[in-house]
>>> print(open('upload.cif').read())   # mmCIF, C-alpha atoms
data_my_file
loop_
_atom_site.group_PDB
_atom_site.id
_atom_site.type_symbol
_atom_site.label_atom_id
_atom_site.label_comp_id
_atom_site.auth_asym_id
_atom_site.auth_seq_id
_atom_site.Cartn_x
_atom_site.Cartn_y
_atom_site.Cartn_z
ATOM 1 C CA MET A 17 10.670 -53.211 11.995
ATOM 2 C CA ASP A 18 12.312 -50.673 9.581
ATOM 3 C CA ASP A 19 14.282 -48.064 11.568
ATOM 4 C CA ALA A 20 12.938 -45.310 9.237
ATOM 5 C CA GLN A 21 9.346 -45.908 10.329
ATOM 6 C CA PRO A 22 7.823 -44.270 13.424
ATOM 7 C CA SER A 23 8.341 -46.566 16.408
ATOM 8 C CA GLY A 24 5.082 -45.693 18.077
ATOM 9 C CA PRO A 25 2.668 -43.018 19.208
ATOM 10 C CA THR A 26 5.468 -40.933 20.773
ATOM 11 C CA GLU A 27 7.390 -40.632 17.507
ATOM 12 C CA LEU A 28 4.224 -39.800 15.578
ATOM 13 C CA ALA A 29 3.498 -37.043 18.084
ATOM 14 C CA ARG A 30 6.982 -35.588 17.562
ATOM 15 C CA ILE A 31 6.590 -35.575 13.779
ATOM 16 C CA SER A 32 3.167 -33.964 14.094
ATOM 17 C CA ALA A 33 4.582 -31.272 16.397
ATOM 18 C CA ARG A 34 7.385 -30.497 13.925
ATOM 19 C CA LEU A 35 4.890 -30.215 11.060
ATOM 20 C CA ASP A 36 2.728 -27.874 13.107
ATOM 21 C CA ARG A 37 5.785 -25.738 13.887
ATOM 22 C CA THR A 38 6.783 -25.630 10.219
ATOM 23 C CA ASN A 39 3.262 -24.591 9.196
ATOM 24 C CA GLU A 40 3.273 -21.890 11.840
ATOM 25 C CA LEU A 41 6.567 -20.459 10.546
ATOM 26 C CA LEU A 42 5.306 -20.524 6.952
ATOM 27 C CA GLN A 43 2.131 -18.701 7.957
ATOM 28 C CA ARG A 44 4.170 -16.036 9.739
ATOM 29 C CA MET A 45 6.397 -15.585 6.691
ATOM 30 C CA LEU A 46 3.398 -15.274 4.365
ATOM 31 C CA ALA A 47 1.829 -12.748 6.720
ATOM 32 C CA GLU A 48 5.019 -10.647 6.655
ATOM 33 C CA VAL A 49 5.176 -10.828 2.857
ATOM 34 C CA ALA A 50 1.530 -9.742 2.660
ATOM 35 C CA LYS A 51 2.345 -6.693 4.795
ATOM 36 C CA THR A 52 5.272 -5.650 2.568
ATOM 37 C CA PRO A 53 4.047 -3.203 -0.105
ATOM 38 C CA SER A 54 4.838 -3.782 -3.759
ATOM 39 C CA THR A 55 7.466 -1.472 -5.197
ATOM 40 C CA HIS A 56 7.750 0.039 -8.660
ATOM 41 C CA ALA A 57 10.334 2.118 -10.495
ATOM 42 C CA ILE A 58 10.172 4.254 -13.637
ATOM 43 C CA PHE A 59 12.930 3.970 -16.233
ATOM 44 C CA VAL A 60 13.012 6.880 -18.697
ATOM 45 C CA ASP A 61 15.086 6.951 -21.880
ATOM 46 C CA ALA A 62 15.414 10.744 -22.078
ATOM 47 C CA GLY A 63 16.576 10.644 -25.699
ATOM 48 C CA TYR A 64 13.336 8.914 -26.658
ATOM 49 C CA VAL A 65 11.214 11.389 -24.665
ATOM 50 C CA TYR A 66 12.917 14.435 -26.195
ATOM 51 C CA ALA A 67 12.653 13.096 -29.738
ATOM 52 C CA ALA A 68 9.094 11.738 -29.513
ATOM 53 C CA ALA A 69 7.580 14.600 -27.479
ATOM 54 C CA GLY A 70 9.424 17.251 -29.488
ATOM 55 C CA LEU A 71 8.244 15.794 -32.779
ATOM 56 C CA LEU A 72 4.674 15.397 -31.524
ATOM 57 C CA VAL A 73 4.327 18.929 -30.107
ATOM 58 C CA THR A 74 6.664 21.073 -32.239
ATOM 59 C CA GLY A 75 7.264 18.957 -35.333
ATOM 60 C CA THR A 76 10.998 18.522 -34.761
ATOM 61 C CA GLU A 77 13.296 16.155 -32.847
ATOM 62 C CA ASP A 78 16.081 18.757 -32.611
ATOM 63 C CA ARG A 79 16.584 19.573 -28.912
ATOM 64 C CA ARG A 80 17.868 23.027 -29.788
ATOM 65 C CA SER A 81 14.476 23.945 -31.210
ATOM 66 C CA PHE A 82 12.407 23.435 -28.051
ATOM 67 C CA ASP A 83 12.557 23.261 -24.264
ATOM 68 C CA LEU A 84 11.343 20.250 -22.291
ATOM 69 C CA ASP A 85 10.091 20.759 -18.737
ATOM 70 C CA ALA A 86 11.815 17.634 -17.439
ATOM 71 C CA GLU A 87 10.696 18.189 -13.852
ATOM 72 C CA GLY A 88 7.085 18.566 -14.963
ATOM 73 C CA ILE A 89 7.004 15.481 -17.156
ATOM 74 C CA ILE A 90 8.783 13.397 -14.497
ATOM 75 C CA GLU A 91 6.127 14.423 -11.979
ATOM 76 C CA ALA A 92 3.437 13.524 -14.518
ATOM 77 C CA PHE A 93 4.981 10.059 -14.948
ATOM 78 C CA ILE A 94 5.058 9.622 -11.160
ATOM 79 C CA ASP A 95 1.377 10.643 -10.867
ATOM 80 C CA LYS A 96 0.402 8.211 -13.612
ATOM 81 C CA ALA A 97 2.301 5.423 -11.860
ATOM 82 C CA ARG A 98 0.486 6.182 -8.594
ATOM 83 C CA THR A 99 -2.795 5.613 -10.419
ATOM 84 C CA ILE A 100 -1.724 2.432 -12.195
ATOM 85 C CA PHE A 101 0.177 0.872 -9.284
ATOM 86 C CA ALA A 102 -2.239 1.966 -6.599
ATOM 87 C CA ASP A 103 -1.036 -0.477 -3.916
ATOM 88 C CA SER A 104 2.649 0.023 -4.673
ATOM 89 C CA ARG A 105 5.271 2.502 -3.535
ATOM 90 C CA LEU A 106 7.745 4.308 -5.797
ATOM 91 C CA LEU A 107 11.374 3.296 -5.436
ATOM 92 C CA ARG A 108 12.661 6.060 -7.712
ATOM 93 C CA VAL A 109 12.723 7.429 -11.272
ATOM 94 C CA TYR A 110 15.777 6.586 -13.364
ATOM 95 C CA TRP A 111 16.520 9.236 -16.026
ATOM 96 C CA TYR A 112 18.901 7.994 -18.735
ATOM 97 C CA ASP A 113 20.535 10.554 -20.997
ATOM 98 C CA GLY A 114 23.728 11.149 -22.952
ATOM 99 C CA ALA A 115 26.461 13.710 -22.289
ATOM 100 C CA ARG A 116 29.907 14.490 -23.615
ATOM 101 C CA ARG A 117 32.393 12.432 -21.615
ATOM 102 C CA ARG A 118 29.511 11.545 -19.290
ATOM 103 C CA SER A 119 29.784 14.988 -17.686
ATOM 104 C CA HIS A 120 26.451 16.420 -16.453
ATOM 105 C CA THR A 121 25.100 19.454 -18.270
ATOM 106 C CA THR A 122 23.468 22.210 -16.224
ATOM 107 C CA GLU A 123 20.050 20.820 -17.121
ATOM 108 C CA GLN A 124 21.034 17.284 -16.130
ATOM 109 C CA GLN A 125 22.398 18.558 -12.829
ATOM 110 C CA SER A 126 19.053 20.194 -12.021
ATOM 111 C CA ILE A 127 17.229 16.953 -12.874
ATOM 112 C CA ALA A 128 19.617 14.975 -10.653
ATOM 113 C CA GLU A 129 18.714 17.250 -7.724
ATOM 114 C CA LEU A 130 15.012 16.337 -7.944
ATOM 115 C CA PRO A 131 13.717 14.066 -5.149
ATOM 116 C CA ASP A 132 13.430 10.364 -6.008
ATOM 117 C CA VAL A 133 15.272 10.860 -9.322
ATOM 118 C CA LYS A 134 18.537 9.195 -10.334
ATOM 119 C CA VAL A 135 20.302 10.505 -13.458
ATOM 120 C CA ARG A 136 22.377 7.905 -15.311
ATOM 121 C CA LEU A 137 24.553 9.088 -18.211
ATOM 122 C CA GLY A 138 25.736 7.360 -21.331
ATOM 123 C CA ASN A 139 28.034 9.058 -23.824
ATOM 124 C CA LEU A 140 27.330 11.236 -26.865
ATOM 125 C CA ASN A 141 29.278 10.670 -30.063
ATOM 126 C CA ALA A 142 30.175 13.286 -32.660
ATOM 127 C CA ASN A 143 26.733 12.938 -34.267
ATOM 128 C CA ASN A 144 24.933 13.633 -30.970
ATOM 129 C CA GLN A 145 23.854 9.987 -30.750
ATOM 130 C CA GLN A 146 23.556 8.320 -27.354
ATOM 131 C CA LYS A 147 25.922 5.436 -26.645
ATOM 132 C CA GLY A 148 25.677 3.051 -23.694
ATOM 133 C CA VAL A 149 22.223 4.125 -22.465
ATOM 134 C CA ASP A 150 20.512 0.820 -23.295
ATOM 135 C CA SER A 151 23.146 -1.154 -21.383
ATOM 136 C CA LEU A 152 22.650 1.101 -18.339
ATOM 137 C CA ILE A 153 18.906 0.453 -18.435
ATOM 138 C CA ARG A 154 19.447 -3.291 -18.698
ATOM 139 C CA THR A 155 21.913 -3.299 -15.785
ATOM 140 C CA ASP A 156 19.547 -1.404 -13.487
ATOM 141 C CA LEU A 157 16.418 -3.315 -14.495
ATOM 142 C CA GLU A 158 18.083 -6.690 -14.085
ATOM 143 C CA SER A 159 19.777 -5.804 -10.790
ATOM 144 C CA LEU A 160 16.623 -4.424 -9.162
ATOM 145 C CA ALA A 161 14.536 -7.376 -10.324
ATOM 146 C CA ARG A 162 17.149 -9.912 -9.198
ATOM 147 C CA HIS A 163 17.257 -8.433 -5.693
ATOM 148 C CA ARG A 164 13.441 -8.241 -5.539
ATOM 149 C CA ALA A 165 13.705 -4.459 -5.092
ATOM 150 C CA ILE A 166 10.835 -3.908 -7.559
ATOM 151 C CA SER A 167 7.765 -5.844 -8.565
ATOM 152 C CA ASP A 168 6.831 -3.577 -11.502
ATOM 153 C CA ALA A 169 8.878 -1.486 -13.913
ATOM 154 C CA ALA A 170 7.464 1.288 -16.099
ATOM 155 C CA LEU A 171 9.801 1.653 -19.079
ATOM 156 C CA VAL A 172 9.544 4.831 -21.169
ATOM 157 C CA GLY A 173 11.403 4.115 -24.398
ATOM 158 C CA GLY A 174 11.189 2.472 -27.771
ATOM 159 C CA ASP A 175 14.540 1.028 -28.823
ATOM 160 C CA GLU A 176 14.659 -2.634 -29.842
ATOM 161 C CA ASP A 177 17.893 -2.983 -27.860
ATOM 162 C CA LEU A 178 15.768 -2.745 -24.696
ATOM 163 C CA VAL A 179 14.256 -6.183 -25.388
ATOM 164 C CA SER A 180 17.099 -7.904 -23.539
ATOM 165 C CA ALA A 181 16.543 -5.616 -20.525
ATOM 166 C CA VAL A 182 12.865 -6.556 -20.444
ATOM 167 C CA GLU A 183 13.607 -10.288 -20.715
ATOM 168 C CA ALA A 184 16.212 -10.086 -17.937
ATOM 169 C CA ALA A 185 13.822 -8.351 -15.523
ATOM 170 C CA GLN A 186 10.965 -10.713 -16.328
ATOM 171 C CA GLY A 187 13.284 -13.658 -15.725
ATOM 172 C CA TYR A 188 13.474 -12.591 -12.068
ATOM 173 C CA GLY A 189 9.719 -12.185 -11.723
ATOM 174 C CA ALA A 190 9.271 -8.441 -12.325
ATOM 175 C CA ARG A 191 6.504 -7.193 -14.598
ATOM 176 C CA VAL A 192 7.575 -4.649 -17.231
ATOM 177 C CA HIS A 193 5.110 -2.071 -18.568
ATOM 178 C CA LEU A 194 6.069 -0.160 -21.710
ATOM 179 C CA TRP A 195 5.079 3.517 -21.841
ATOM 180 C CA GLY A 196 5.357 5.441 -25.084
ATOM 181 C CA ILE A 197 4.555 8.793 -26.662
ATOM 182 C CA GLU A 198 2.115 9.095 -29.533
ATOM 183 C CA ALA A 199 3.717 9.016 -32.980
ATOM 184 C CA GLY A 200 2.348 11.334 -35.646
ATOM 185 C CA GLU A 201 2.792 8.605 -38.255
ATOM 186 C CA GLY A 202 3.638 4.948 -37.886
ATOM 187 C CA ARG A 203 5.333 3.821 -34.665
ATOM 188 C CA ASN A 204 8.216 5.138 -32.597
ATOM 189 C CA GLN A 205 8.644 1.912 -30.600
ATOM 190 C CA ALA A 206 10.118 -1.301 -31.963
ATOM 191 C CA GLU A 207 7.647 -4.138 -32.498
ATOM 192 C CA PRO A 208 9.843 -6.777 -30.782
ATOM 193 C CA LEU A 209 9.802 -4.562 -27.688
ATOM 194 C CA LEU A 210 6.015 -4.278 -27.824
ATOM 195 C CA TRP A 211 5.745 -8.067 -28.043
ATOM 196 C CA GLU A 212 7.867 -8.733 -24.955
ATOM 197 C CA VAL A 213 6.382 -6.382 -22.338
ATOM 198 C CA ASP A 214 3.524 -7.184 -19.958
ATOM 199 C CA SER A 215 1.439 -4.115 -20.829
ATOM 200 C CA GLN A 216 1.547 -1.007 -23.016
ATOM 201 C CA ARG A 217 0.412 2.591 -22.583
ATOM 202 C CA THR A 218 0.670 5.588 -24.943
ATOM 203 C CA PHE A 219 0.708 9.244 -23.880
ATOM 204 C CA GLU A 220 -1.047 11.481 -26.367
ATOM 205 C CA LEU A 221 -0.586 15.098 -27.451
ATOM 206 C CA ASP A 222 -2.648 16.596 -24.608
ATOM 207 C CA PHE A 223 -0.446 14.842 -22.049
ATOM 208 C CA CYS A 224 2.825 16.079 -23.604
ATOM 209 C CA ARG A 225 1.859 19.603 -24.713
ATOM 210 C CA PRO A 226 2.255 21.335 -21.294
ATOM 211 C CA TYR A 227 5.873 20.185 -21.018
ATOM 212 C CA VAL A 228 7.232 21.115 -24.463
ATOM 213 C CA THR A 229 7.781 24.717 -25.587
ATOM 214 C CA ARG A 230 9.193 25.798 -28.932
ATOM 215 C CA ARG A 231 12.134 28.180 -28.650
ATOM 216 C CA PRO A 232 11.901 31.489 -30.512
ATOM 217 C CA VAL A 233 13.765 31.417 -33.818
ATOM 218 C CA THR A 234 16.572 33.945 -34.118
ATOM 219 C CA THR A 235 16.862 35.504 -37.564
ATOM 220 C CA TYR A 236 19.588 37.749 -38.868
ATOM 221 C CA GLU A 237 18.855 40.407 -41.464
ATOM 222 C CA ASN A 238 21.486 40.730 -44.164
ATOM 223 C CA GLU A 239 20.394 44.104 -45.507
ATOM 224 C CA GLY A 240 22.813 46.850 -44.583
ATOM 225 C CA THR A 241 25.351 44.350 -43.199
ATOM 226 C CA PRO A 242 28.617 44.089 -45.135
ATOM 227 C CA ARG A 243 29.119 40.683 -46.667
ATOM 228 C CA PRO A 244 31.919 38.872 -44.820
ATOM 229 C CA SER A 245 34.897 37.659 -46.809
ATOM 230 C CA ARG A 246 35.457 33.994 -47.439
ATOM 231 C CA GLU A 247 38.622 34.139 -45.329
ATOM 232 C CA SER A 248 36.788 35.606 -42.335
ATOM 233 C CA VAL A 249 34.116 32.902 -42.580
ATOM 234 C CA ARG A 250 36.827 30.244 -42.945
ATOM 235 C CA PHE A 251 38.436 31.590 -39.764
ATOM 236 C CA ILE A 252 35.066 31.377 -37.953
ATOM 237 C CA GLY A 253 34.802 27.746 -39.081
ATOM 238 C CA ALA A 254 38.230 26.983 -37.591
ATOM 239 C CA GLN A 255 37.236 28.776 -34.375
ATOM 240 C CA ILE A 256 34.107 26.667 -34.015
ATOM 241 C CA ALA A 257 36.112 23.504 -34.763
ATOM 242 C CA ALA A 258 38.514 24.327 -31.927
ATOM 243 C CA THR A 259 35.615 24.711 -29.483
ATOM 244 C CA TRP A 260 33.913 21.593 -30.833
ATOM 245 C CA LEU A 261 37.094 19.550 -30.419
ATOM 246 C CA GLY A 262 37.702 20.901 -26.925
ATOM 247 C CA GLU A 263 34.221 19.850 -25.806
ATOM 248 C CA ARG A 264 34.213 16.398 -27.401
ATOM 249 C CA GLY A 265 37.834 15.304 -27.332
ATOM 250 C CA ARG A 266 40.116 13.871 -30.006
ATOM 251 C CA ASP A 267 38.328 10.503 -29.983
ATOM 252 C CA SER A 268 35.342 12.157 -31.647
ATOM 253 C CA LEU A 269 37.438 12.782 -34.761
ATOM 254 C CA ALA A 270 37.298 9.091 -35.597
ATOM 255 C CA ASP A 271 33.565 9.418 -36.260
ATOM 256 C CA LEU A 272 33.997 12.389 -38.610
ATOM 257 C CA LEU A 273 37.149 11.858 -40.651
ATOM 258 C CA PRO A 274 35.885 8.917 -42.772
ATOM 259 C CA GLY A 275 33.109 11.179 -44.084
ATOM 260 C CA HIS A 276 35.358 14.006 -45.291
ATOM 261 C CA PRO A 277 34.505 16.372 -46.974
ATOM 262 C CA TYR A 278 30.938 15.866 -45.761
ATOM 263 C CA LEU A 279 29.712 16.517 -42.231
ATOM 264 C CA PRO A 280 26.881 14.619 -40.520
ATOM 265 C CA GLY A 281 23.656 16.606 -40.723
ATOM 266 C CA SER A 282 23.507 17.359 -36.994
ATOM 267 C CA VAL A 283 27.112 18.641 -36.913
ATOM 268 C CA ASP A 284 26.657 20.678 -40.090
ATOM 269 C CA GLN A 285 23.527 22.328 -38.695
ATOM 270 C CA GLU A 286 25.274 23.065 -35.396
ATOM 271 C CA LEU A 287 28.179 24.634 -37.306
ATOM 272 C CA LEU A 288 25.888 26.849 -39.373
ATOM 273 C CA VAL A 289 23.825 28.061 -36.418
ATOM 274 C CA GLU A 290 26.920 28.903 -34.350
ATOM 275 C CA ALA A 291 28.584 30.696 -37.282
ATOM 276 C CA GLU A 292 25.482 32.844 -37.860
ATOM 277 C CA ARG A 293 25.437 33.694 -34.175
ATOM 278 C CA LEU A 294 29.069 34.786 -34.196
ATOM 279 C CA LEU A 295 28.721 36.711 -37.464
ATOM 280 C CA GLN A 296 25.281 38.087 -36.568
ATOM 281 C CA ARG A 297 24.402 37.431 -40.178
ATOM 282 C CA SER A 298 22.518 34.761 -42.079
ATOM 283 C CA LEU A 299 24.515 32.489 -44.360
ATOM 284 C CA ARG A 300 21.412 30.987 -45.969
ATOM 285 C CA GLY A 301 21.483 31.551 -49.672
ATOM 286 C CA HIS A 302 25.284 31.983 -49.709
ATOM 287 C CA ALA A 303 26.587 28.582 -50.766
ATOM 288 C CA ASP A 304 30.144 29.875 -51.266
ATOM 289 C CA LEU A 305 30.313 31.190 -47.676
ATOM 290 C CA ARG A 306 28.909 27.954 -46.282
ATOM 291 C CA ARG A 307 31.588 26.042 -48.192
ATOM 292 C CA ALA A 308 34.233 28.347 -46.748
ATOM 293 C CA LEU A 309 32.810 27.720 -43.274
ATOM 294 C CA ARG A 310 33.053 23.951 -43.694
ATOM 295 C CA ASP A 311 36.541 24.256 -45.196
ATOM 296 C CA GLY A 312 37.724 26.160 -42.116
ATOM 297 C CA PHE A 313 36.112 23.615 -39.821
ATOM 298 C CA TRP A 314 37.748 20.673 -41.594
ATOM 299 C CA GLN A 315 41.110 22.422 -41.920
ATOM 300 C CA HIS A 316 41.382 22.858 -38.155
ATOM 301 C CA LEU A 317 40.288 19.291 -37.375
ATOM 302 C CA GLN A 318 42.700 17.743 -39.885
ATOM 303 C CA ALA A 319 45.560 19.839 -38.492
ATOM 304 C CA GLN A 320 44.905 18.309 -35.070
ATOM 305 C CA TYR A 321 44.752 14.696 -36.239
#
>>> encode(input="upload.cif", output="structure tokens")
Amino acid sequence: MDDAQPSGPTELARISARLDRTNELLQRMLAEVAKTPSTHAIFVDAGYVYAAAGLLVTGTEDRRSFDLDAEGIIEAFIDKARTIFADSRLLRVYWYDGARRRSHTTEQQSIAELPDVKVRLGNLNANNQQKGVDSLIRTDLESLARHRAISDAALVGGDEDLVSAVEAAQGYGARVHLWGIEAGEGRNQAEPLLWEVDSQRTFELDFCRPYVTRRPVTTYENEGTPRPSRESVRFIGAQIAATWLGERGRDSLADLLPGHPYLPGSVDQELLVEAERLLQRSLRGHADLRRALRDGFWQHLQAQY
């Protein structure tokens, strides 16, 4: 008789007992898993929210032109998630934004103090563009999915670079749900991203309107105000450049210098607005003074290079 075969009724009874014990342990494990609630997290690309909600409600993506009630819209996202993931608990909200040298602004500090909210910062380059945010989202999504910390992820964003984050999370069994903000025209979310996610949801104007408020526009009357000299405006430009460089660091020069004598639109607008504030006078309609302002700005930056 083959030694691998049961030798009789006693051996068969032992095998049967071991199988029963194994089944019992499996049933206990399944019962414990059934008792464990599902968990979801919300991943918010703040740059996308500011741009999309600002454009939808106020007609501009420029953060300086409106205020966003971040606490209010985060709470609205949490409430929506409670409805969609009714049998799931919230792990936390991840708020991804950019900041100079990854140093929290006052607004970002207040957001970080909110319960169940984690602020994660990428960098901002000289053109106020976020750098490193997509990689932060991918790292968090993949890590949480790999460790089975979440079963569902609500992703508020639209960048095509997020496709790899979605694929990584799905590879570990998490479901990824893409949330977006209504676009006035066309789309503000990349099609490859829309193709990869498990579900999609769009928040319309009525959802966003309570959380976005246009800032009052400050105007300066020129009548009765002496026209500043070109030299004084040039000096103001150098002053602003010194502050700009102090806030952003010398590395930011590398993004600007190849474009000389032209400034990126966002930097040029920032320069003009700050100069008008310091002068308490509008420079619109004075092309020669605006040129002097830019000359002073560039002169200071080039002297520091």
>>> residues_near_point(input="upload.cif", point="(10.1, 18.1, -30.3)", cutoff="12 Å", atoms="all atoms listed in the file", output="ChimeraX atom specification")
/A:63-85,197,199-200,221,224-225,227-231
>>> resolve_selection(input="upload.cif", expression="the PyMOL selection byres ((chain A and resi 128-135) around 10)", output="ChimeraX atom specification")
/A:57-60,62,87,90-91,94,106-113,120,122-127,136-137
>>> residues_near_point(input="upload.cif", point="(34.5, 33.1, -44.8)", cutoff="12 Å", atoms="only C-alpha atoms", output="PyMOL selection string")
chain A and resi 243-255+288+291-292+295+297+299+302-313
>>> atom_distance(input="upload.cif", atom1="atom CA of Ala185 of chain A", atom2="atom CA of Arg116 of chain A")
29.1 Å
>>> atom_distance(input="upload.cif", atom1="atom CA of Gly138 of chain A", atom2="atom CA of Ser119 of chain A")
9.4 Å
>>> atom_distance(input="upload.cif", atom1="atom CA of Ala270 of chain A", atom2="atom CA of Arg118 of chain A")
18.2 Å
>>> closest_residue(input="upload.cif", among="A:Glu158, A:Asp284, A:Glu263, A:Asp222", to="Glu183 of chain A", atoms="all atoms listed in the file")
A:Glu158
>>> residues_around(input="upload.cif", residues="Gln205 of chain A", least_positions_apart="5", cutoff="12 Å", atoms="all atoms listed in the file", output="ChimeraX atom specification")
/A:61,64-65,67-68,171-179,194-199,210-211,213,216-218
>>> closest_residue(input="upload.cif", among="A:Asp267, A:Glu290, A:Glu40, A:Asp95", to="Tyr321 of chain A", atoms="only C-alpha atoms")
A:Asp267
